[in-house]
Amino acid sequence: MTMHKAGFVNIVGNPNVGKSTLMNELVGERLSIITAKAQTTRHRIMGIVNTDDYQIVFSDTPGVLSPKYKLQESMLEFSQEALVDADILLYVTDVVEDPTKNRAFLDRVAASKNFPVLLVINKIDLLKGNDDLERIIDRWKEILPNAEVFPTSALAKFNVASIMKRIVELLPDSPPFFGKDALTDKPARFFVTEIIREKILLDYDKEVPYATEVLVEKFHETENSIHIMAVIYVERDSQKGIIIGRGGQKLKHVGIEARKDIELFFGKRVMLELFVKVEKDWRNRDNKLRAFGYKE
């Protein structure tokens with residue numbers, strides 16, 4: 001009789017290397033924010049893949065960085081925790097990144113003996129030829145000598161199936177950790193906040209998206225529809241004005257775009273109301289970080 005397999009597969013790496021794109025491809029669902037901007041993932045987001053024979057609990061983590069705010073300290077903790085409870089670690093880099101970036105974190109990955117490491121070199125579609133790829137692989141083999149290397153383009157879905165196949169082979173024998181119908185450990189409200197936050201990242205420039213947080217204050221679901229009230233928090237009055245825009249047009253656009261994606265996500269008609277509030281310096285306030293789910 002074949003034993004059931006299950007395990008935690010944690011995805012780590014620096015910002016903007018394609019961790020969220022890879023996670024969404026592996027899970028087969030769009031759970032993590034994907035934009036061209038760095039530091040778009042703030043939480044540790046689990047996506048669960050189930051078959052009769054196995055359960056894989058993928059975990060997308062924020063990009064590793066040197067913290068400037070208490071918020072970023074919490075984000076870094078999510079990434080460091082991923083080195084503690086992994087059964088398999090996916091370290092994601094890309095073909096343009098400096099391999100010495102955030103070396104202290106990399107050294108911890110290299111020193112870890114508790115789990116196999118799969119090194120995903122993403123965005124290989126940007127390379128001109130194989131010589132460049134071989135040079136990059138050789139450099140990474142010096143840094144992570146025990147890792148298995150997977151040249152990949154998550155965006156083009158190249159070699160993602162090979163990563164998945166290897167993960168299944170490496171999974172330990174275990175009963176499932178979650179119900180077999182589970183897709184994620186996050187509640188519905190969480191994905192509403194992430195969708196709204198994604199639209200803010202896409203629609204606004206510079207520092208404004210990074211100074212915003214979203215909280216769902218009402219989520220009333222019926223058989224055919226959902227009524228949602230959400231608050232966009234910013235740090236300064238000037239940011240509130242930018243988010244709302246002249247005559248409320250910018251905020252209205254965010255609401256329309258977010259509502260479309262929320263309806264797709266839940267498969268129901270959605271009524272979405274958005275409000276903007278100022279919460280000064282929330283990124284450095286423990287009580288606010290707890291309220292927003294960044295601290296226990």
# chains A, B, ... in the order shown; residues from 1 in each chain; ligands from 1
call {"tool": "residues_around", "arguments": {"residues": "Ile88 of chain A", "least_positions_apart": "5", "cutoff": "6 Å", "atoms": "only C-alpha atoms", "output": "list in words"}}
result
Val9, Phe115 and Pro116 of chain A
call {"tool": "residues_around", "arguments": {"residues": "Val278 of chain A", "least_positions_apart": "2", "cutoff": "9 Å", "atoms": "only C-alpha atoms", "output": "list in words"}}
result
Ile232, Tyr233, Val234, Glu235, Arg236, Asp237, Gln239, Lys240, Val276 and Lys280 of chain A
call {"tool": "write_last_selection", "arguments": {"atoms": "C-alpha atoms", "output": "short mmCIF file (atom, residue, chain, number, x, y, z; two decimals), in the first residue's frame"}}
result
data_model
loop_
_atom_site.label_atom_id
_atom_site.label_comp_id
_atom_site.auth_asym_id
_atom_site.auth_seq_id
_atom_site.Cartn_x
_atom_site.Cartn_y
_atom_site.Cartn_z
CA ILE A 232 -7.49 51.91 2.71
CA TYR A 233 -5.12 53.23 5.38
CA VAL A 234 -2.37 55.72 4.53
CA GLU A 235 0.21 57.50 6.69
CA ARG A 236 -0.31 61.15 5.68
CA ASP A 237 -3.12 63.50 4.63
CA GLN A 239 -1.35 60.44 0.54
CA LYS A 240 -5.10 60.33 1.25
CA VAL A 276 -9.63 56.10 2.96
CA LYS A 280 0.02 58.20 10.99
#
call {"tool": "residues_around", "arguments": {"residues": "Gly179 of chain A", "least_positions_apart": "3", "cutoff": "10 Å", "atoms": "only C-alpha atoms", "output": "ChimeraX atom specification"}}
result
/A:48,50,55,176,182-183
call {"tool": "residues_around", "arguments": {"residues": "Pro99 of chain A", "least_positions_apart": "6", "cutoff": "12 Å", "atoms": "only C-alpha atoms", "output": "PyMOL selection string"}}
result
chain A and resi 13-14+17+91-93+105-107+121+136-144
call {"tool": "atom_distance", "arguments": {"atom1": "atom CA of Val216 of chain A", "atom2": "atom CA of Glu279 of chain A"}}
result
15.4 Å
call {"tool": "residues_around", "arguments": {"residues": "Glu25 of chain A", "least_positions_apart": "3", "cutoff": "9 Å", "atoms": "only C-alpha atoms", "output": "MDAnalysis selection string"}}
result
chainID A and resid 20:22 28:30 154:155 157 160
call {"tool": "write_last_selection", "arguments": {"atoms": "N, CA and C atoms", "output": "compact mmCIF listing (two decimals), in the first residue's frame"}}
result
# COMPACT_ATOMS: atom_id res chain seq x y z
N SER A 20 6.22 34.95 -6.42
CA SER A 20 4.76 34.87 -6.44
C SER A 20 4.25 34.27 -7.75
N THR A 21 4.89 34.63 -8.86
CA THR A 21 4.51 34.04 -10.15
C THR A 21 4.71 32.53 -10.12
N LEU A 22 5.86 32.09 -9.57
CA LEU A 22 6.14 30.67 -9.47
C LEU A 22 5.14 29.96 -8.57
N GLY A 28 -1.57 26.55 -9.22
CA GLY A 28 -2.62 26.54 -10.23
C GLY A 28 -3.73 27.52 -9.93
N GLU A 29 -3.49 28.43 -8.99
CA GLU A 29 -4.46 29.47 -8.63
C GLU A 29 -3.70 30.78 -8.41
N ARG A 30 -4.39 31.90 -8.62
CA ARG A 30 -3.75 33.19 -8.40
C ARG A 30 -3.99 33.62 -6.96
N ALA A 154 9.10 31.14 -15.00
CA ALA A 154 7.77 30.94 -14.42
C ALA A 154 6.71 31.63 -15.29
N LEU A 155 7.06 32.80 -15.85
CA LEU A 155 6.12 33.54 -16.68
C LEU A 155 5.76 32.76 -17.93
N LYS A 157 6.07 29.54 -18.10
CA LYS A 157 5.73 28.19 -17.62
C LYS A 157 6.79 27.15 -18.02
N VAL A 160 8.51 24.47 -15.00
CA VAL A 160 7.75 24.46 -13.75
C VAL A 160 7.29 23.03 -13.43
call {"tool": "select_by_dssp", "arguments": {"residues": "segment 211-263 of chain A", "states": "helix (DSSP H, G or I)", "output": "list in words"}}
result
Ala211, Asp237, Ser238, Gln239, Lys240, Gly241, Ile242, Ile243, Ile244, Arg246, Gly247, Gly248, Gln249, Lys250, Leu251, Lys252, His253, Val254, Gly255, Ile256, Glu257, Ala258, Arg259, Lys260, Asp261, Ile262 and Glu263 of chain A
call {"tool": "write_last_selection", "arguments": {"atoms": "N, CA and C atoms", "output": "PDB file, in the first residue's frame"}}
result
ATOM      1  N   ALA A 211       2.969  52.822   1.500  1.00  0.00           N
ATOM      2  CA  ALA A 211       2.466  53.418   2.738  1.00  0.00           C
ATOM      3  C   ALA A 211       0.997  53.077   2.973  1.00  0.00           C
ATOM      4  N   ASP A 237      -1.969  62.870   5.291  1.00  0.00           N
ATOM      5  CA  ASP A 237      -3.119  63.500   4.626  1.00  0.00           C
ATOM      6  C   ASP A 237      -2.870  63.667   3.128  1.00  0.00           C
ATOM      7  N   SER A 238      -1.622  63.994   2.771  1.00  0.00           N
ATOM      8  CA  SER A 238      -1.309  64.190   1.346  1.00  0.00           C
ATOM      9  C   SER A 238      -1.501  62.884   0.563  1.00  0.00           C
ATOM     10  N   GLN A 239      -1.159  61.743   1.198  1.00  0.00           N
ATOM     11  CA  GLN A 239      -1.353  60.439   0.543  1.00  0.00           C
ATOM     12  C   GLN A 239      -2.836  60.119   0.371  1.00  0.00           C
ATOM     13  N   LYS A 240      -3.645  60.538   1.357  1.00  0.00           N
ATOM     14  CA  LYS A 240      -5.096  60.333   1.254  1.00  0.00           C
ATOM     15  C   LYS A 240      -5.630  61.044   0.017  1.00  0.00           C
ATOM     16  N   GLY A 241      -5.176  62.283  -0.191  1.00  0.00           N
ATOM     17  CA  GLY A 241      -5.607  63.032  -1.363  1.00  0.00           C
ATOM     18  C   GLY A 241      -5.206  62.372  -2.668  1.00  0.00           C
ATOM     19  N   ILE A 242      -3.996  61.813  -2.694  1.00  0.00           N
ATOM     20  CA  ILE A 242      -3.509  61.138  -3.904  1.00  0.00           C
ATOM     21  C   ILE A 242      -4.341  59.886  -4.182  1.00  0.00           C
ATOM     22  N   ILE A 243      -4.618  59.100  -3.129  1.00  0.00           N
ATOM     23  CA  ILE A 243      -5.404  57.868  -3.300  1.00  0.00           C
ATOM     24  C   ILE A 243      -6.806  58.183  -3.830  1.00  0.00           C
ATOM     25  N   ILE A 244      -7.444  59.229  -3.272  1.00  0.00           N
ATOM     26  CA  ILE A 244      -8.812  59.568  -3.687  1.00  0.00           C
ATOM     27  C   ILE A 244      -8.820  60.181  -5.092  1.00  0.00           C
ATOM     28  N   ARG A 246      -8.682  63.541  -7.925  1.00  0.00           N
ATOM     29  CA  ARG A 246      -9.596  64.661  -8.188  1.00  0.00           C
ATOM     30  C   ARG A 246     -11.026  64.148  -8.394  1.00  0.00           C
ATOM     31  N   GLY A 247     -11.940  64.667  -7.584  1.00  0.00           N
ATOM     32  CA  GLY A 247     -13.333  64.254  -7.694  1.00  0.00           C
ATOM     33  C   GLY A 247     -13.568  62.789  -7.359  1.00  0.00           C
ATOM     34  N   GLY A 248     -12.586  62.175  -6.679  1.00  0.00           N
ATOM     35  CA  GLY A 248     -12.733  60.770  -6.300  1.00  0.00           C
ATOM     36  C   GLY A 248     -12.487  59.782  -7.426  1.00  0.00           C
ATOM     37  N   GLN A 249     -11.957  60.264  -8.566  1.00  0.00           N
ATOM     38  CA  GLN A 249     -11.823  59.404  -9.754  1.00  0.00           C
ATOM     39  C   GLN A 249     -10.807  58.267  -9.576  1.00  0.00           C
ATOM     40  N   LYS A 250      -9.678  58.562  -8.909  1.00  0.00           N
ATOM     41  CA  LYS A 250      -8.652  57.507  -8.734  1.00  0.00           C
ATOM     42  C   LYS A 250      -9.182  56.370  -7.866  1.00  0.00           C
ATOM     43  N   LEU A 251      -9.836  56.737  -6.764  1.00  0.00           N
ATOM     44  CA  LEU A 251     -10.387  55.727  -5.860  1.00  0.00           C
ATOM     45  C   LEU A 251     -11.482  54.929  -6.565  1.00  0.00           C
ATOM     46  N   LYS A 252     -12.288  55.596  -7.356  1.00  0.00           N
ATOM     47  CA  LYS A 252     -13.351  54.920  -8.104  1.00  0.00           C
ATOM     48  C   LYS A 252     -12.759  53.884  -9.057  1.00  0.00           C
ATOM     49  N   HIS A 253     -11.660  54.251  -9.726  1.00  0.00           N
ATOM     50  CA  HIS A 253     -11.011  53.322 -10.665  1.00  0.00           C
ATOM     51  C   HIS A 253     -10.466  52.092  -9.935  1.00  0.00           C
ATOM     52  N   VAL A 254      -9.826  52.326  -8.777  1.00  0.00           N
ATOM     53  CA  VAL A 254      -9.336  51.192  -7.972  1.00  0.00           C
ATOM     54  C   VAL A 254     -10.497  50.272  -7.612  1.00  0.00           C
ATOM     55  N   GLY A 255     -11.609  50.857  -7.193  1.00  0.00           N
ATOM     56  CA  GLY A 255     -12.776  50.071  -6.802  1.00  0.00           C
ATOM     57  C   GLY A 255     -13.337  49.242  -7.938  1.00  0.00           C
ATOM     58  N   ILE A 256     -13.424  49.830  -9.134  1.00  0.00           N
ATOM     59  CA  ILE A 256     -13.955  49.104 -10.299  1.00  0.00           C
ATOM     60  C   ILE A 256     -13.060  47.929 -10.659  1.00  0.00           C
ATOM     61  N   GLU A 257     -11.736  48.182 -10.723  1.00  0.00           N
ATOM     62  CA  GLU A 257     -10.794  47.119 -11.098  1.00  0.00           C
ATOM     63  C   GLU A 257     -10.742  46.012 -10.037  1.00  0.00           C
ATOM     64  N   ALA A 258     -10.751  46.413  -8.759  1.00  0.00           N
ATOM     65  CA  ALA A 258     -10.720  45.416  -7.682  1.00  0.00           C
ATOM     66  C   ALA A 258     -11.996  44.579  -7.685  1.00  0.00           C
ATOM     67  N   ARG A 259     -13.130  45.226  -7.884  1.00  0.00           N
ATOM     68  CA  ARG A 259     -14.411  44.493  -7.869  1.00  0.00           C
ATOM     69  C   ARG A 259     -14.433  43.411  -8.947  1.00  0.00           C
ATOM     70  N   LYS A 260     -13.923  43.721 -10.141  1.00  0.00           N
ATOM     71  CA  LYS A 260     -13.884  42.728 -11.229  1.00  0.00           C
ATOM     72  C   LYS A 260     -13.122  41.475 -10.793  1.00  0.00           C
ATOM     73  N   ASP A 261     -11.941  41.685 -10.187  1.00  0.00           N
ATOM     74  CA  ASP A 261     -11.115  40.540  -9.780  1.00  0.00           C
ATOM     75  C   ASP A 261     -11.724  39.791  -8.593  1.00  0.00           C
ATOM     76  N   ILE A 262     -12.351  40.526  -7.673  1.00  0.00           N
ATOM     77  CA  ILE A 262     -12.994  39.871  -6.528  1.00  0.00           C
ATOM     78  C   ILE A 262     -14.155  39.004  -7.009  1.00  0.00           C
ATOM     79  N   GLU A 263     -14.914  39.502  -7.981  1.00  0.00           N
ATOM     80  CA  GLU A 263     -16.012  38.709  -8.549  1.00  0.00           C
ATOM     81  C   GLU A 263     -15.488  37.452  -9.228  1.00  0.00           C
TER      82      GLU A 263
END
call {"tool": "residues_around", "arguments": {"residues": "Asn10 of chain A", "least_positions_apart": "5", "cutoff": "8 Å", "atoms": "only C-alpha atoms", "output": "list in words"}}
result
Phe58, Ser59, Asp60, Thr61, Ala82, Leu83, Ala86, Asp87, Ile88, Leu89 and Leu90 of chain A
call {"tool": "atom_distance", "arguments": {"atom1": "atom CA of Glu77 of chain A", "atom2": "atom CA of Asp185 of chain A"}}
result
18.4 Å
call {"tool": "residues_around", "arguments": {"residues": "Arg189 of chain A", "least_positions_apart": "3", "cutoff": "9 Å", "atoms": "only C-alpha atoms", "output": "VMD selection string"}}
result
chain A and resid 186 192 to 194 215 to 216 218 to 219
call {"tool": "closest_residue", "arguments": {"among": "A:Val96, A:Leu118, A:Leu274, A:Val27", "to": "Ile163 of chain A", "atoms": "only C-alpha atoms"}}
result
A:Leu118
call {"tool": "select_by_dssp", "arguments": {"residues": "segment 17-259 of chain A", "states": "strand (DSSP E or B)", "output": "PyMOL selection string"}}
result
chain A and resi 45-50+54-60+88-94+117-122+148-151+153+158+173+213-221+225-234
call {"tool": "atom_distance", "arguments": {"atom1": "atom CA of Val231 of chain A", "atom2": "atom CA of Lys277 of chain A"}}
result
6.8 Å
call {"tool": "closest_residue", "arguments": {"among": "A:Lys206, A:His227, A:Lys288, A:Lys295", "to": "Met271 of chain A", "atoms": "only C-alpha atoms"}}
result
A:His227
call {"tool": "closest_residue", "arguments": {"among": "A:Leu26, A:Ile45, A:Leu272, A:Val168", "to": "Glu217 of chain A", "atoms": "only C-alpha atoms"}}
result
A:Leu272
call {"tool": "closest_residue", "arguments": {"among": "A:Phe191, A:Pro209, A:Thr100, A:Phe266", "to": "Thr222 of chain A", "atoms": "only C-alpha atoms"}}
result
A:Phe266
